[in-house]
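Scroll down for the structure; my scribbles are underneath it.
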Amino acid sequence: MKDILTNNSRCGNELAPGEAAAIEERIRLDLSNSNENATEFDANRQVVIKVAILALNYHYRGAGFLFSLDKITRTQNDDWFLNAKSGTSAESQMKNTLVEGDKAVLNLYSVGFTGGLLGYATFPWDVYTNPKRDGVVFSHTTVPGGSEPNYNQGKTLSHEVGHWLGLFHVFETGSCTGKGDYVDDTPLQQTPTSGCPESKSSCTNNGGDSIHVSIGPIKPFEHRAESAVDLL
């Protein structure tokens with residue numbers, strides 16, 4: 001598992017086909033084609049969750065955050081699983097029912113989005129106006145070894161947790177003027193980046209290339225200083 005989490009030689013978030021297949025065979029069991037009982041099946045699903053948190057902590061190494069898995073709850077609701085996109089009634093119902101903890105607790109909701117969405121998150125200041133909506137929703141296919149092409153190393157979760165901690169996209173304003181992501185050491189970008197380009201500079205006056213930039217330490221939003229994962 002170490003190679004999956006630490007290999008920086010590949011472009012993007014994609015595992016080699018052989019690696020992904022091996023992981024899926026090991027931790028994604030199909031009860032309809034297996035003699036394993038429900039207890040064993042659930043134990044293997046917990047491996048998936050623990051590996052996702054391991055990847056999250058690896059991606060945030062050195063940033064001053066350590067996420068610990070506090071609690072796992074399982075809910076069967078097809079509407080929430082498929083339709084809990086941002087701003088929908090399904091999202092509201094799901095979170096109002098399942099949310100736990102205070103503003104220092106990171107609630108994670110693993111769902112099966114349709115339409116290509118990989119995840120979304122609330123920002124730290126949103127908790128003051130709608131505390132029950134606080135948290136991160138992400139596609140279960142993006143965990144390490146998942147079935148999402150190009151996005152199966154758990155980095156979607158790490159990306160969305162960055163928003164939960166108060167980080168914007170570098171292309172937040174969609175222009176080459178303004179504050180961008182409000183971080184001085186990351187260059188402005190006008191457009192999002194896809195694939196694995198050798199460089200990225202969509203603004204001629206932004207002072208740098210986002211692919212080759214030295215980024216300083218992250219300063220956490222004050223009330224996110226202590227964080228624990230409690231729901232997946």
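Following the order of the structure tokens, chains are lettered A, B, ..., residues in each are numbered from 1, and ligands are numbered from 1.
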### Task
Could you give me, as a PyMOL selection string, the residues within 7 Å of region 189-195 of chain A, counting only C-alpha atoms and dropping anything in the same chain fewer than 5 positions from it?
chain A and resi 12+170-171+174-176+201-203
### Message
Between CA of Gly166 (chain A) and CA of Ala84 (chain A), what is the distance in Å, rounded to a tenth?
### Response
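Here the two named atoms are 22.0 Å from each other.
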## Note on the structure
Ile53 (chain A) proximity check over A:Gly115, A:Gln153, A:Lys95, A:Ala104, using only C-alpha atoms: winner is A:Gln153
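Near region 122-129 of chain A, within 6 Å and counting only C-alpha atoms, sit Asp134, Gly135, His163, Trp164 and Gly166 of chain A; same-chain residues fewer than 5 positions away were not included.
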